[in-house]
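Colleague: Data: my_file_7.cif, mmCIF, C-alpha atoms.
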data_target
loop_
_atom_site.group_PDB
_atom_site.id
_atom_site.type_symbol
_atom_site.label_atom_id
_atom_site.label_comp_id
_atom_site.auth_asym_id
_atom_site.auth_seq_id
_atom_site.Cartn_x
_atom_site.Cartn_y
_atom_site.Cartn_z
ATOM 1 C CA MET A 206 0.000 0.000 0.000
ATOM 2 C CA ALA A 207 1.292 3.443 -0.872
ATOM 3 C CA GLU A 208 2.373 5.821 1.860
ATOM 4 C CA PRO A 209 0.328 9.053 2.314
ATOM 5 C CA SER A 210 3.373 11.137 1.445
ATOM 6 C CA ASP A 211 3.762 9.226 -1.825
ATOM 7 C CA LEU A 212 0.128 9.828 -2.653
ATOM 8 C CA LYS A 213 0.537 13.567 -2.045
ATOM 9 C CA VAL A 214 3.530 13.668 -4.360
ATOM 10 C CA ALA A 215 1.630 11.668 -7.000
ATOM 11 C CA VAL A 216 -1.359 13.986 -6.863
ATOM 12 C CA ARG A 217 0.804 17.118 -6.958
ATOM 13 C CA GLU A 218 3.184 16.060 -9.734
ATOM 14 C CA ILE A 219 1.024 13.764 -11.880
ATOM 15 C CA ILE A 220 -2.708 14.413 -11.386
ATOM 16 C CA GLY A 221 -2.420 18.130 -10.632
ATOM 17 C CA PRO A 222 -0.743 19.147 -13.925
ATOM 18 C CA ILE A 223 -3.300 17.187 -15.917
ATOM 19 C CA VAL A 224 -6.173 18.905 -14.121
ATOM 20 C CA PHE A 225 -4.508 22.245 -14.842
ATOM 21 C CA ALA A 226 -4.050 21.243 -18.487
ATOM 22 C CA VAL A 227 -7.693 20.199 -18.892
ATOM 23 C CA VAL A 228 -9.001 23.445 -17.401
ATOM 24 C CA GLY A 229 -6.567 25.466 -19.507
ATOM 25 C CA SER A 230 -7.423 23.477 -22.620
ATOM 26 C CA SER A 231 -11.128 24.205 -22.178
ATOM 27 C CA PHE A 232 -10.425 27.920 -21.781
ATOM 28 C CA LEU A 233 -8.103 28.031 -24.797
ATOM 29 C CA LEU A 234 -10.639 26.077 -26.858
ATOM 30 C CA ALA A 235 -13.206 28.784 -26.112
ATOM 31 C CA VAL A 236 -10.697 31.481 -27.111
ATOM 32 C CA CYS A 237 -9.939 29.680 -30.378
ATOM 33 C CA GLY A 238 -13.659 29.247 -31.039
ATOM 34 C CA VAL A 239 -14.334 32.963 -30.611
ATOM 35 C CA MET A 240 -11.437 33.814 -32.928
ATOM 36 C CA GLN A 241 -12.698 31.388 -35.571
ATOM 37 C CA ILE A 242 -16.237 32.779 -35.344
ATOM 38 C CA THR A 243 -14.784 36.271 -35.751
ATOM 39 C CA TYR A 244 -12.876 35.085 -38.812
ATOM 40 C CA PHE A 245 -15.919 33.632 -40.561
ATOM 41 C CA THR A 246 -18.193 36.574 -39.707
ATOM 42 C CA SER A 247 -15.607 39.003 -41.087
ATOM 43 C CA LYS A 248 -16.075 37.409 -44.543
ATOM 44 C CA PHE A 249 -12.499 37.550 -45.733
ATOM 45 C CA ASN A 250 -11.977 36.620 -49.349
ATOM 46 C CA ASP A 251 -9.400 33.913 -48.561
ATOM 47 C CA SER A 252 -8.464 30.866 -50.585
ATOM 48 C CA LYS A 253 -10.004 27.483 -49.886
ATOM 49 C CA ILE A 254 -6.696 26.298 -48.443
ATOM 50 C CA ILE A 255 -6.811 28.964 -45.722
ATOM 51 C CA VAL A 256 -10.468 28.256 -44.941
ATOM 52 C CA CYS A 257 -9.814 24.504 -44.786
ATOM 53 C CA THR A 258 -6.847 25.139 -42.471
ATOM 54 C CA VAL A 259 -9.081 27.122 -40.111
ATOM 55 C CA ILE A 260 -11.629 24.303 -40.100
ATOM 56 C CA TRP A 261 -8.891 21.677 -39.642
ATOM 57 C CA LEU A 262 -7.447 23.482 -36.630
ATOM 58 C CA GLY A 263 -10.904 23.886 -35.123
ATOM 59 C CA ILE A 264 -11.659 20.170 -35.439
ATOM 60 C CA LEU A 265 -8.221 19.278 -34.132
ATOM 61 C CA ASP A 266 -8.644 21.534 -31.094
ATOM 62 C CA VAL A 267 -11.943 19.878 -30.217
ATOM 63 C CA PHE A 268 -10.494 16.370 -30.453
ATOM 64 C CA ALA A 269 -7.367 17.385 -28.529
ATOM 65 C CA THR A 270 -9.481 18.839 -25.713
ATOM 66 C CA ILE A 271 -11.582 15.686 -25.583
ATOM 67 C CA ASN A 272 -8.367 13.683 -25.507
ATOM 68 C CA ASN A 273 -7.146 15.724 -22.523
ATOM 69 C CA VAL A 274 -10.409 15.134 -20.650
ATOM 70 C CA THR A 275 -10.230 11.373 -21.283
ATOM 71 C CA ALA A 276 -6.635 11.356 -19.963
ATOM 72 C CA LEU A 277 -7.843 12.840 -16.695
ATOM 73 C CA TRP A 278 -10.719 10.340 -16.714
ATOM 74 C CA GLU A 279 -8.261 7.468 -17.028
ATOM 75 C CA TYR A 280 -6.308 8.629 -14.000
ATOM 76 C CA VAL A 281 -9.037 9.635 -11.543
ATOM 77 C CA ILE A 282 -12.011 7.482 -12.575
ATOM 78 C CA VAL A 283 -10.986 4.338 -14.421
ATOM 79 C CA HIS A 284 -7.888 3.717 -12.303
ATOM 80 C CA PHE A 285 -9.013 5.408 -9.113
ATOM 81 C CA SER A 286 -6.788 4.485 -6.115
ATOM 82 C CA ASP A 287 -4.509 2.457 -8.414
ATOM 83 C CA PHE A 288 -1.136 3.883 -7.419
ATOM 84 C CA GLY A 289 0.729 1.757 -9.955
ATOM 85 C CA VAL A 290 -1.009 3.489 -12.870
ATOM 86 C CA LEU A 291 0.344 6.843 -11.717
ATOM 87 C CA ALA A 292 3.840 5.679 -12.642
ATOM 88 C CA THR A 293 2.776 5.162 -16.271
ATOM 89 C CA SER A 294 1.537 7.446 -18.987
ATOM 90 C CA PRO A 295 -1.842 6.652 -20.623
ATOM 91 C CA TRP A 296 -2.209 6.622 -24.374
ATOM 92 C CA ASN A 297 -4.132 9.914 -24.239
ATOM 93 C CA ILE A 298 -1.116 11.845 -22.977
ATOM 94 C CA ASN A 299 1.163 10.012 -25.378
ATOM 95 C CA LEU A 300 -0.846 11.483 -28.255
ATOM 96 C CA SER A 301 -0.226 15.104 -27.196
ATOM 97 C CA PRO A 302 2.985 15.536 -29.277
ATOM 98 C CA LEU A 303 1.101 14.242 -32.313
ATOM 99 C CA PHE A 304 -1.773 16.693 -31.813
ATOM 100 C CA SER A 305 0.706 19.538 -31.339
ATOM 101 C CA THR A 306 2.569 18.561 -34.515
ATOM 102 C CA LEU A 307 -0.629 18.369 -36.559
ATOM 103 C CA SER A 308 -1.486 21.885 -35.394
ATOM 104 C CA ALA A 309 1.986 23.365 -35.811
ATOM 105 C CA LEU A 310 2.704 21.997 -39.294
ATOM 106 C CA PRO A 311 0.017 23.873 -41.303
ATOM 107 C CA VAL A 312 0.585 27.080 -39.321
ATOM 108 C CA GLN A 313 4.338 27.036 -39.934
ATOM 109 C CA LEU A 314 3.853 26.213 -43.617
ATOM 110 C CA PHE A 315 1.428 29.123 -43.883
ATOM 111 C CA LEU A 316 4.003 31.499 -42.409
ATOM 112 C CA ALA A 317 6.718 30.097 -44.676
ATOM 113 C CA ASN A 318 4.534 30.665 -47.728
ATOM 114 C CA ARG A 319 3.841 34.231 -46.636
ATOM 115 C CA ILE A 320 7.589 34.822 -46.297
ATOM 116 C CA ARG A 321 8.045 33.397 -49.802
ATOM 117 C CA LYS A 322 5.619 35.980 -51.181
ATOM 118 C CA PHE A 323 7.422 38.804 -49.422
ATOM 119 C CA SER A 324 10.911 37.627 -50.347
ATOM 120 C CA THR A 325 10.010 36.169 -53.795
ATOM 121 C CA SER A 326 12.617 33.477 -53.105
ATOM 122 C CA TRP A 327 11.751 29.837 -53.705
ATOM 123 C CA VAL A 328 15.153 28.795 -52.351
ATOM 124 C CA LEU A 329 14.385 30.366 -48.986
ATOM 125 C CA TYR A 330 10.939 28.777 -49.039
ATOM 126 C CA GLY A 331 12.418 25.348 -49.712
ATOM 127 C CA ALA A 332 14.898 25.757 -46.853
ATOM 128 C CA LEU A 333 12.070 26.765 -44.504
ATOM 129 C CA VAL A 334 9.957 23.773 -45.540
ATOM 130 C CA ILE A 335 12.841 21.420 -44.784
ATOM 131 C CA LEU A 336 13.318 23.127 -41.424
ATOM 132 C CA ILE A 337 9.591 22.783 -40.650
ATOM 133 C CA LEU A 338 9.479 19.089 -41.563
ATOM 134 C CA GLY A 339 12.247 18.341 -39.047
ATOM 135 C CA PRO A 340 10.236 18.973 -35.846
ATOM 136 C CA ALA A 341 7.144 17.488 -37.496
ATOM 137 C CA VAL A 342 8.899 14.134 -37.950
ATOM 138 C CA LEU A 343 10.384 14.267 -34.442
ATOM 139 C CA GLY A 344 6.979 15.072 -32.960
ATOM 140 C CA CYS A 345 5.451 11.974 -34.522
ATOM 141 C CA MET A 346 8.424 9.886 -33.361
ATOM 142 C CA THR A 347 7.969 11.195 -29.812
ATOM 143 C CA SER A 348 4.332 10.064 -29.708
ATOM 144 C CA VAL A 349 5.221 6.624 -31.054
ATOM 145 C CA GLN A 350 8.057 6.103 -28.584
ATOM 146 C CA LEU A 351 5.932 7.367 -25.680
ATOM 147 C CA GLN A 352 3.342 4.751 -26.527
ATOM 148 C CA ILE A 353 5.971 2.007 -26.695
ATOM 149 C CA LYS A 354 7.601 3.020 -23.399
ATOM 150 C CA ALA A 355 4.693 3.851 -21.170
ATOM 151 C CA ALA A 356 6.647 3.965 -17.907
ATOM 152 C CA VAL A 357 7.400 7.537 -16.881
ATOM 153 C CA VAL A 358 10.784 6.699 -15.352
ATOM 154 C CA ALA A 359 12.091 4.578 -18.245
ATOM 155 C CA ARG A 360 12.239 7.076 -21.093
ATOM 156 C CA ALA A 361 15.822 8.112 -21.698
ATOM 157 C CA THR A 362 15.566 7.779 -25.481
ATOM 158 C CA VAL A 363 12.057 9.261 -25.577
ATOM 159 C CA VAL A 364 13.146 12.296 -23.579
ATOM 160 C CA SER A 365 16.062 12.951 -25.929
ATOM 161 C CA VAL A 366 13.797 12.791 -28.992
ATOM 162 C CA GLY A 367 11.230 14.984 -27.244
ATOM 163 C CA TYR A 368 13.865 17.574 -26.382
ATOM 164 C CA ALA A 369 15.042 17.628 -29.995
ATOM 165 C CA TRP A 370 11.446 18.071 -31.185
ATOM 166 C CA LEU A 371 10.800 20.989 -28.832
ATOM 167 C CA ALA A 372 14.171 22.646 -29.482
ATOM 168 C CA LEU A 373 13.668 22.497 -33.249
ATOM 169 C CA ASN A 374 10.174 23.914 -32.814
ATOM 170 C CA VAL A 375 11.558 26.883 -30.885
ATOM 171 C CA ALA A 376 14.220 27.456 -33.540
ATOM 172 C CA CYS A 377 11.698 27.143 -36.360
ATOM 173 C CA ASP A 378 9.185 29.534 -34.773
ATOM 174 C CA THR A 379 11.913 32.065 -33.983
ATOM 175 C CA ILE A 380 13.326 31.994 -37.517
ATOM 176 C CA LEU A 381 9.870 32.335 -39.097
ATOM 177 C CA SER A 382 8.961 35.276 -36.879
ATOM 178 C CA ALA A 383 12.304 37.002 -37.450
ATOM 179 C CA LEU A 384 12.054 36.633 -41.230
ATOM 180 C CA MET A 385 8.461 37.849 -41.227
ATOM 181 C CA VAL A 386 9.390 40.983 -39.279
ATOM 182 C CA PHE A 387 12.460 41.545 -41.474
ATOM 183 C CA TYR A 388 10.588 41.438 -44.780
ATOM 184 C CA LEU A 389 7.666 43.474 -43.444
ATOM 185 C CA TRP A 390 10.097 46.125 -42.216
ATOM 186 C CA ARG A 391 11.824 46.240 -45.603
ATOM 187 C CA ARG A 392 8.528 47.024 -47.321
ATOM 188 C CA LYS A 393 8.038 50.212 -45.335
ATOM 189 C CA THR A 394 7.810 53.362 -47.418
ATOM 190 C CA GLY A 395 7.528 57.053 -46.690
ATOM 191 C CA PHE A 396 3.719 56.911 -46.778
ATOM 192 C CA GLU A 397 2.048 57.049 -43.372
ATOM 193 C CA ARG A 398 -0.844 54.806 -44.364
ATOM 194 C CA THR A 399 1.403 51.989 -45.609
ATOM 195 C CA ASN A 400 3.746 52.287 -42.640
ATOM 196 C CA LYS A 401 0.879 52.039 -40.155
ATOM 197 C CA ILE A 402 -0.484 48.913 -41.810
ATOM 198 C CA LEU A 403 2.948 47.279 -41.935
ATOM 199 C CA SER A 404 3.636 48.253 -38.318
ATOM 200 C CA ARG A 405 0.387 46.584 -37.346
ATOM 201 C CA TYR A 406 1.421 43.370 -39.115
ATOM 202 C CA ILE A 407 4.852 43.468 -37.453
ATOM 203 C CA GLN A 408 3.214 43.877 -34.058
ATOM 204 C CA VAL A 409 0.878 40.957 -34.711
ATOM 205 C CA SER A 410 3.753 38.762 -35.916
ATOM 206 C CA LEU A 411 5.658 39.335 -32.684
ATOM 207 C CA GLN A 412 2.670 39.079 -30.353
ATOM 208 C CA SER A 413 1.393 35.862 -31.920
ATOM 209 C CA ALA A 414 4.824 34.209 -31.834
ATOM 210 C CA ILE A 415 5.648 34.975 -28.201
ATOM 211 C CA PRO A 416 3.019 32.748 -26.465
ATOM 212 C CA VAL A 417 3.790 29.569 -28.410
ATOM 213 C CA THR A 418 7.554 30.115 -28.081
ATOM 214 C CA LEU A 419 7.339 30.710 -24.337
ATOM 215 C CA CYS A 420 5.112 27.666 -23.918
ATOM 216 C CA THR A 421 7.631 25.464 -25.742
ATOM 217 C CA ILE A 422 10.536 26.839 -23.710
ATOM 218 C CA LEU A 423 8.611 26.174 -20.471
ATOM 219 C CA ILE A 424 8.061 22.570 -21.523
ATOM 220 C CA LEU A 425 11.787 22.202 -22.185
ATOM 221 C CA VAL A 426 12.803 23.723 -18.844
ATOM 222 C CA ILE A 427 10.237 21.827 -16.766
ATOM 223 C CA GLY A 428 10.956 18.566 -18.568
ATOM 224 C CA LYS A 429 14.665 18.968 -17.869
ATOM 225 C CA THR A 430 14.322 19.956 -14.220
ATOM 226 C CA LYS A 431 11.399 17.676 -13.315
ATOM 227 C CA GLU A 432 12.191 14.429 -15.105
ATOM 228 C CA GLY A 433 10.077 11.438 -14.096
ATOM 229 C CA THR A 434 6.946 13.556 -13.513
ATOM 230 C CA ASN A 435 4.012 14.812 -15.553
ATOM 231 C CA ILE A 436 4.394 18.485 -14.640
ATOM 232 C CA HIS A 437 5.336 19.380 -18.223
ATOM 233 C CA THR A 438 1.932 18.099 -19.408
ATOM 234 C CA ALA A 439 0.347 21.264 -17.991
ATOM 235 C CA PHE A 440 1.764 22.978 -21.097
ATOM 236 C CA THR A 441 2.399 20.089 -23.486
ATOM 237 C CA LEU A 442 -1.289 19.195 -23.703
ATOM 238 C CA ASN A 443 -2.128 22.770 -24.771
ATOM 239 C CA LEU A 444 0.714 23.507 -27.176
ATOM 240 C CA GLY A 445 -1.501 22.925 -30.200
ATOM 241 C CA ARG A 446 -4.034 25.530 -29.011
ATOM 242 C CA PHE A 447 -1.289 28.167 -28.965
ATOM 243 C CA TYR A 448 -0.500 27.433 -32.609
ATOM 244 C CA THR A 449 -4.168 27.881 -33.462
ATOM 245 C CA ILE A 450 -4.188 31.215 -31.646
ATOM 246 C CA THR A 451 -1.076 32.253 -33.579
ATOM 247 C CA PHE A 452 -2.736 31.405 -36.883
ATOM 248 C CA MET A 453 -6.076 33.037 -36.098
ATOM 249 C CA THR A 454 -4.410 36.168 -34.717
ATOM 250 C CA SER A 455 -2.493 36.526 -37.975
ATOM 251 C CA LEU A 456 -5.675 36.182 -40.032
ATOM 252 C CA ASN A 457 -7.912 38.366 -37.875
ATOM 253 C CA ALA A 458 -5.318 41.150 -37.765
ATOM 254 C CA ARG A 459 -6.772 42.272 -41.080
ATOM 255 C CA ILE A 460 -9.838 43.541 -39.217
ATOM 256 C CA ARG A 461 -7.724 46.238 -37.593
ATOM 257 C CA VAL A 462 -5.994 46.860 -40.912
ATOM 258 C CA ARG A 463 -9.412 47.400 -42.477
ATOM 259 C CA GLU A 464 -10.173 50.004 -39.830
ATOM 260 C CA ILE A 465 -6.890 51.792 -40.515
ATOM 261 C CA ASP A 466 -7.524 51.645 -44.251
ATOM 262 C CA ASN A 467 -11.100 52.863 -43.858
ATOM 263 C CA SER A 468 -10.007 55.760 -41.658
ATOM 264 C CA TYR A 469 -7.614 56.926 -44.349
ATOM 265 C CA SER A 470 -10.229 56.308 -47.036
ATOM 266 C CA THR A 471 -12.777 58.324 -45.053
ATOM 267 C CA ASN A 472 -10.346 61.204 -44.673
ATOM 268 C CA SER A 473 -9.581 60.999 -48.367
ATOM 269 C CA VAL A 474 -13.286 61.017 -49.238
ATOM 270 C CA ASP A 475 -13.870 63.984 -46.922
ATOM 271 C CA LEU A 476 -11.058 65.905 -48.597
ATOM 272 C CA GLN A 477 -12.411 65.021 -52.027
ATOM 273 C CA ALA A 478 -15.916 66.113 -50.997
ATOM 274 C CA MET A 479 -14.590 69.427 -49.670
ATOM 275 C CA ASN A 480 -12.648 69.912 -52.891
ATOM 276 C CA ARG A 481 -15.716 69.169 -55.001
ATOM 277 C CA ARG A 482 -17.835 71.546 -52.915
ATOM 278 C CA ALA A 483 -15.280 74.318 -53.293
ATOM 279 C CA GLN A 484 -15.162 73.739 -57.043
ATOM 280 C CA GLN A 485 -18.960 73.785 -57.237
ATOM 281 C CA LEU A 486 -19.117 77.072 -55.333
ATOM 282 C CA THR A 487 -16.465 78.502 -57.646
ATOM 283 C CA ALA A 488 -18.383 77.228 -60.670
ATOM 284 C CA GLN A 489 -21.656 78.705 -59.374
ATOM 285 C CA SER A 490 -20.000 82.072 -58.797
ATOM 286 C CA LEU A 491 -18.562 81.947 -62.291
ATOM 287 C CA ASN A 492 -21.952 80.956 -63.683
ATOM 288 C CA ILE A 493 -23.609 83.897 -61.955
ATOM 289 C CA ALA A 494 -20.965 86.254 -63.339
ATOM 290 C CA VAL A 495 -21.441 84.880 -66.850
ATOM 291 C CA SER A 496 -25.225 85.193 -66.532
ATOM 292 C CA LYS A 497 -24.949 88.829 -65.441
ATOM 293 C CA THR A 498 -22.619 89.541 -68.335
ATOM 294 C CA ARG A 499 -25.100 87.926 -70.726
ATOM 295 C CA GLU A 500 -28.003 89.932 -69.281
ATOM 296 C CA THR A 501 -26.095 93.180 -69.810
ATOM 297 C CA HIS A 502 -25.204 92.142 -73.329
ATOM 298 C CA VAL A 503 -28.842 91.300 -74.138
ATOM 299 C CA ASP A 504 -30.000 94.764 -72.987
ATOM 300 C CA ASP A 505 -27.468 96.420 -75.228
ATOM 301 C CA ASP A 506 -27.932 94.149 -78.219
ATOM 302 C CA SER A 507 -31.364 92.517 -78.485
ATOM 303 C CA ASP A 508 -30.503 90.944 -81.807
ATOM 304 C CA TRP A 509 -27.692 88.945 -80.141
ATOM 305 C CA ALA A 510 -30.059 88.006 -77.351
ATOM 306 C CA ASN A 511 -32.750 86.812 -79.724
ATOM 307 C CA GLY A 512 -30.334 85.079 -82.021
ATOM 308 C CA ARG A 513 -28.279 83.120 -79.463
ATOM 309 C CA MET A 514 -28.518 79.369 -79.585
ATOM 310 C CA PRO A 515 -30.149 77.762 -76.481
ATOM 311 C CA SER A 516 -28.211 74.607 -76.993
ATOM 312 C CA THR A 517 -24.957 76.503 -76.641
ATOM 313 C CA ASP A 518 -26.162 78.229 -73.469
ATOM 314 C CA SER A 519 -27.387 74.975 -71.943
ATOM 315 C CA LYS A 520 -24.084 73.283 -72.626
ATOM 316 C CA MET A 521 -22.196 76.134 -71.024
ATOM 317 C CA ASN A 522 -24.449 76.101 -67.944
ATOM 318 C CA ALA A 523 -24.096 72.336 -67.642
ATOM 319 C CA HIS A 524 -20.337 72.616 -67.847
ATOM 320 C CA LEU A 525 -20.181 75.326 -65.197
ATOM 321 C CA THR A 526 -22.603 73.715 -62.714
ATOM 322 C CA ALA A 527 -21.581 70.053 -63.093
ATOM 323 C CA PRO A 528 -19.601 68.521 -60.195
ATOM 324 C CA LEU A 529 -15.891 68.331 -60.904
ATOM 325 C CA TYR A 530 -14.291 64.946 -59.953
#
Would you kindly transcribe this structure into structure tokens?
Modeller:
Amino acid sequence: MAEPSDLKVAVREIIGPIVFAVVGSSFLLAVCGVMQITYFTSKFNDSKIIVCTVIWLGILDVFATINNVTALWEYVIVHFSDFGVLATSPWNINLSPLFSTLSALPVQLFLANRIRKFSTSWVLYGALVILILGPAVLGCMTSVQLQIKAAVVARATVVSVGYAWLALNVACDTILSALMVFYLWRRKTGFERTNKILSRYIQVSLQSAIPVTLCTILILVIGKTKEGTNIHTAFTLNLGRFYTITFMTSLNARIRVREIDNSYSTNSVDLQAMNRRAQQLTAQSLNIAVSKTRETHVDDDSDWANGRMPSTDSKMNAHLTAPLY
């Protein structure tokens, strides 16, 4: 029978992180859902690939959250009071690297393709794709090896592969974010409107990259300092949600860009309207002056007044009073 102190340690270092992960996963799922609803209600004219990626990430987030709940169910319901099970990792937790990889891969490829459009370099794009495929393969290998070696304390090879997967993910995310900021900054011009829009995209690129990078670094640090426990699962089980947030933040940033663009368009329209009004007033004043001149000329020379062509007068009046665009 397990000692009470052992049970406290087991609850704190194995059950506790999973409870934290499940609660956090539910919250992050709601955040992702709101962002996806915002995306679809904004009616962006995106390609089918982007729309399918949004749907794919949404479905994946739902299944990953359900997977997290079933992992907690396995520990506290199915194997309640079974202390031996606490020393192993259920299949649900072993799938977390796979779910994270399936979320990270399309998001990173999307960012790489955006960098390709900015840089117009297929060589750079190819290098980024190769870099992205590295952690994707290692993530799948980590899930497979976790399933083969279920014991928490007997995972020397699994831990090494997992560290390589996480480290490559950090490197990949950092490189993608740095390149995105670099090429956005290079496109800045002397025009205030363009600079504001590009500054907004740079801000979004940095803000969306920070959470997922910090989460991955935390998993690395906790996994290294707390080997033989499940404390790292508090973040590992939710890594995929952070990639979804990164992707949706990048897409929904265009809402703010629309507002910036509309503000400049409104100011431009207001200036054009004021210009047209000024021209109309000038035209009306000129029309009045011409009319007075014609009236004086008619009094002096009735023959000219009677013999003038109405069509000519109407054309002149239309030209003077028509709005100038």
Colleague: Written as a list in words, what is the full residue list that the PyMOL selection byres ((chain A and resi 422) around 12) yields on the file shown?
Modeller: Tyr368, Trp370, Leu371, Ala372, Leu373, Asn374, Val375, Ala376, Asp378, Thr379, Ile415, Pro416, Val417, Thr418, Leu419, Cys420, Thr421, Leu423, Ile424, Leu425, Val426, Ile427, Gly428, Lys429, His437, Phe440, Thr441 and Leu444 of chain A
Colleague: Rounded to one decimal, what separation in Å do you get between atom CA of A:Leu456 and atom CA of A:Tyr244?
Modeller: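 Result for atom CA of A:Leu456 versus atom CA of A:Tyr244: 7.4 Å, one decimal.
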Colleague: Show me, as a PDB file with C-alpha atoms, in the coordinates of the input, the residues that have an atom within 9 Å of stretch 329-331 of chain A when counting all atoms listed in the file, minus same-chain residues fewer than 4 positions from it.
Modeller:
ATOM      1  CA  ALA A 317       6.718  30.097 -44.676  1.00  0.00           C
ATOM      2  CA  ASN A 318       4.534  30.665 -47.728  1.00  0.00           C
ATOM      3  CA  ILE A 320       7.589  34.822 -46.297  1.00  0.00           C
ATOM      4  CA  ARG A 321       8.045  33.397 -49.802  1.00  0.00           C
ATOM      5  CA  SER A 324      10.911  37.627 -50.347  1.00  0.00           C
ATOM      6  CA  THR A 325      10.010  36.169 -53.795  1.00  0.00           C
ATOM      7  CA  ILE A 335      12.841  21.420 -44.784  1.00  0.00           C
ATOM      8  CA  LEU A 336      13.318  23.127 -41.424  1.00  0.00           C
TER       9      LEU A 336
END
Colleague: If you measure from atom CA of A:Leu265 to atom CA of A:Ala309, what distance in Å do you get, rounded to one decimal?
Modeller: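 Here the two named atoms are 11.1 Å from each other.
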Colleague: Can you tell me, as a VMD selection string, what residues are no more than 10 Å from stretch 457-470 of chain A when counting only C-alpha atoms, ignoring any on the same chain fewer than 5 positions away?
Modeller: chain A and resid 240 to 241 243 to 245 247 249 397 to 399 401 to 403 405 to 406 408 to 410 452 475 to 476
Colleague: Hey, what's within 8 Å of A:Leu343 if we count only C-alpha atoms and toss same-chain stuff fewer than 5 positions away? As number ranges by chain, please?
Modeller: A: 366-367, 369-370
Colleague: Provide the atom CA of A:Val256 to atom CA of A:Phe323 distance in Å, to one decimal place.
Modeller: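 Pair atom CA of A:Val256 / atom CA of A:Phe323 returns 21.2 Å.
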Colleague: Show me a table, sorted first by chain and then by increasing residue number, of the residues of stretch 420-455 of chain A having an atom at most 9 Å from stretch 267-286 of chain A, each with its shortest atom pair and the distance in Å to one decimal, counting all atoms listed in the file and written as JSON lines.
Modeller:
{"residue": "A:Leu442", "atom": "CA", "partner": "A:Asn273", "partner_atom": "CA", "distance": 6.9}
{"residue": "A:Asn443", "atom": "CA", "partner": "A:Thr270", "partner_atom": "CA", "distance": 8.4}
{"residue": "A:Gly445", "atom": "CA", "partner": "A:Ala269", "partner_atom": "CA", "distance": 8.2}
{"residue": "A:Arg446", "atom": "CA", "partner": "A:Ala269", "partner_atom": "CA", "distance": 8.8}
Colleague: For the residues in that selection, give me C-alpha atoms as an mmCIF file, in the coordinates of the input.
Modeller:
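The resulting result_37.cif:
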data_model
loop_
_atom_site.group_PDB
_atom_site.id
_atom_site.type_symbol
_atom_site.label_atom_id
_atom_site.label_comp_id
_atom_site.auth_asym_id
_atom_site.auth_seq_id
_atom_site.Cartn_x
_atom_site.Cartn_y
_atom_site.Cartn_z
ATOM 1 C CA LEU A 442 -1.289 19.195 -23.703
ATOM 2 C CA ASN A 443 -2.128 22.770 -24.771
ATOM 3 C CA GLY A 445 -1.501 22.925 -30.200
ATOM 4 C CA ARG A 446 -4.034 25.530 -29.011
#
Colleague: Applied to this file, what does the PyMOL selection byres ((chain A and resi 449) around 9) return in terms of residues, put as a PyMOL selection string?
Modeller: chain A and resi 237+259+262-263+266+308-309+312+445-448+450-454
Colleague: Around stretch 449-455 of chain A, with edges along x, y and z and 4 Å added on all six sides, what centre and edge lengths do you get, in Å to one decimal, as JSON?
Modeller:
{"center_x": -3.6, "center_y": 32.2, "center_z": -34.8, "size_x": 13.0, "size_y": 16.6, "size_z": 14.3}
Colleague: If the PyMOL selection byres ((chain A and resi 349) around 12) were run on this exact file, what residues would it hold? Put them as a PyMOL selection string.
Modeller: chain A and resi 296+298-303+342-348+350-355+362-363+366-367
Colleague: At a cut-off of 7 Å, using all atoms listed in the file, what residues contact A:Val386? Leave out same-chain residues fewer than 4 positions from it and give the result as a list in words.
Modeller: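 Returned residues: Ser382, Trp390, Ile407 and Ser410 of chain A.
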Colleague: My list of candidates is A:Leu316, A:Leu307, A:Val364, A:Met385. Which is closest to A:Pro340 when distances are computed with only C-alpha atoms?
Modeller: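 Ranked by minimum distance to A:Pro340, first place goes to A:Leu307.
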Colleague: My list of candidates is A:Ile380, A:Tyr388, A:Ser365, A:Phe304. Which is closest to A:Ala332 when distances are computed with all atoms listed in the file?
Modeller: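 Checking each candidate against A:Ala332, we get A:Ile380 as the closest.
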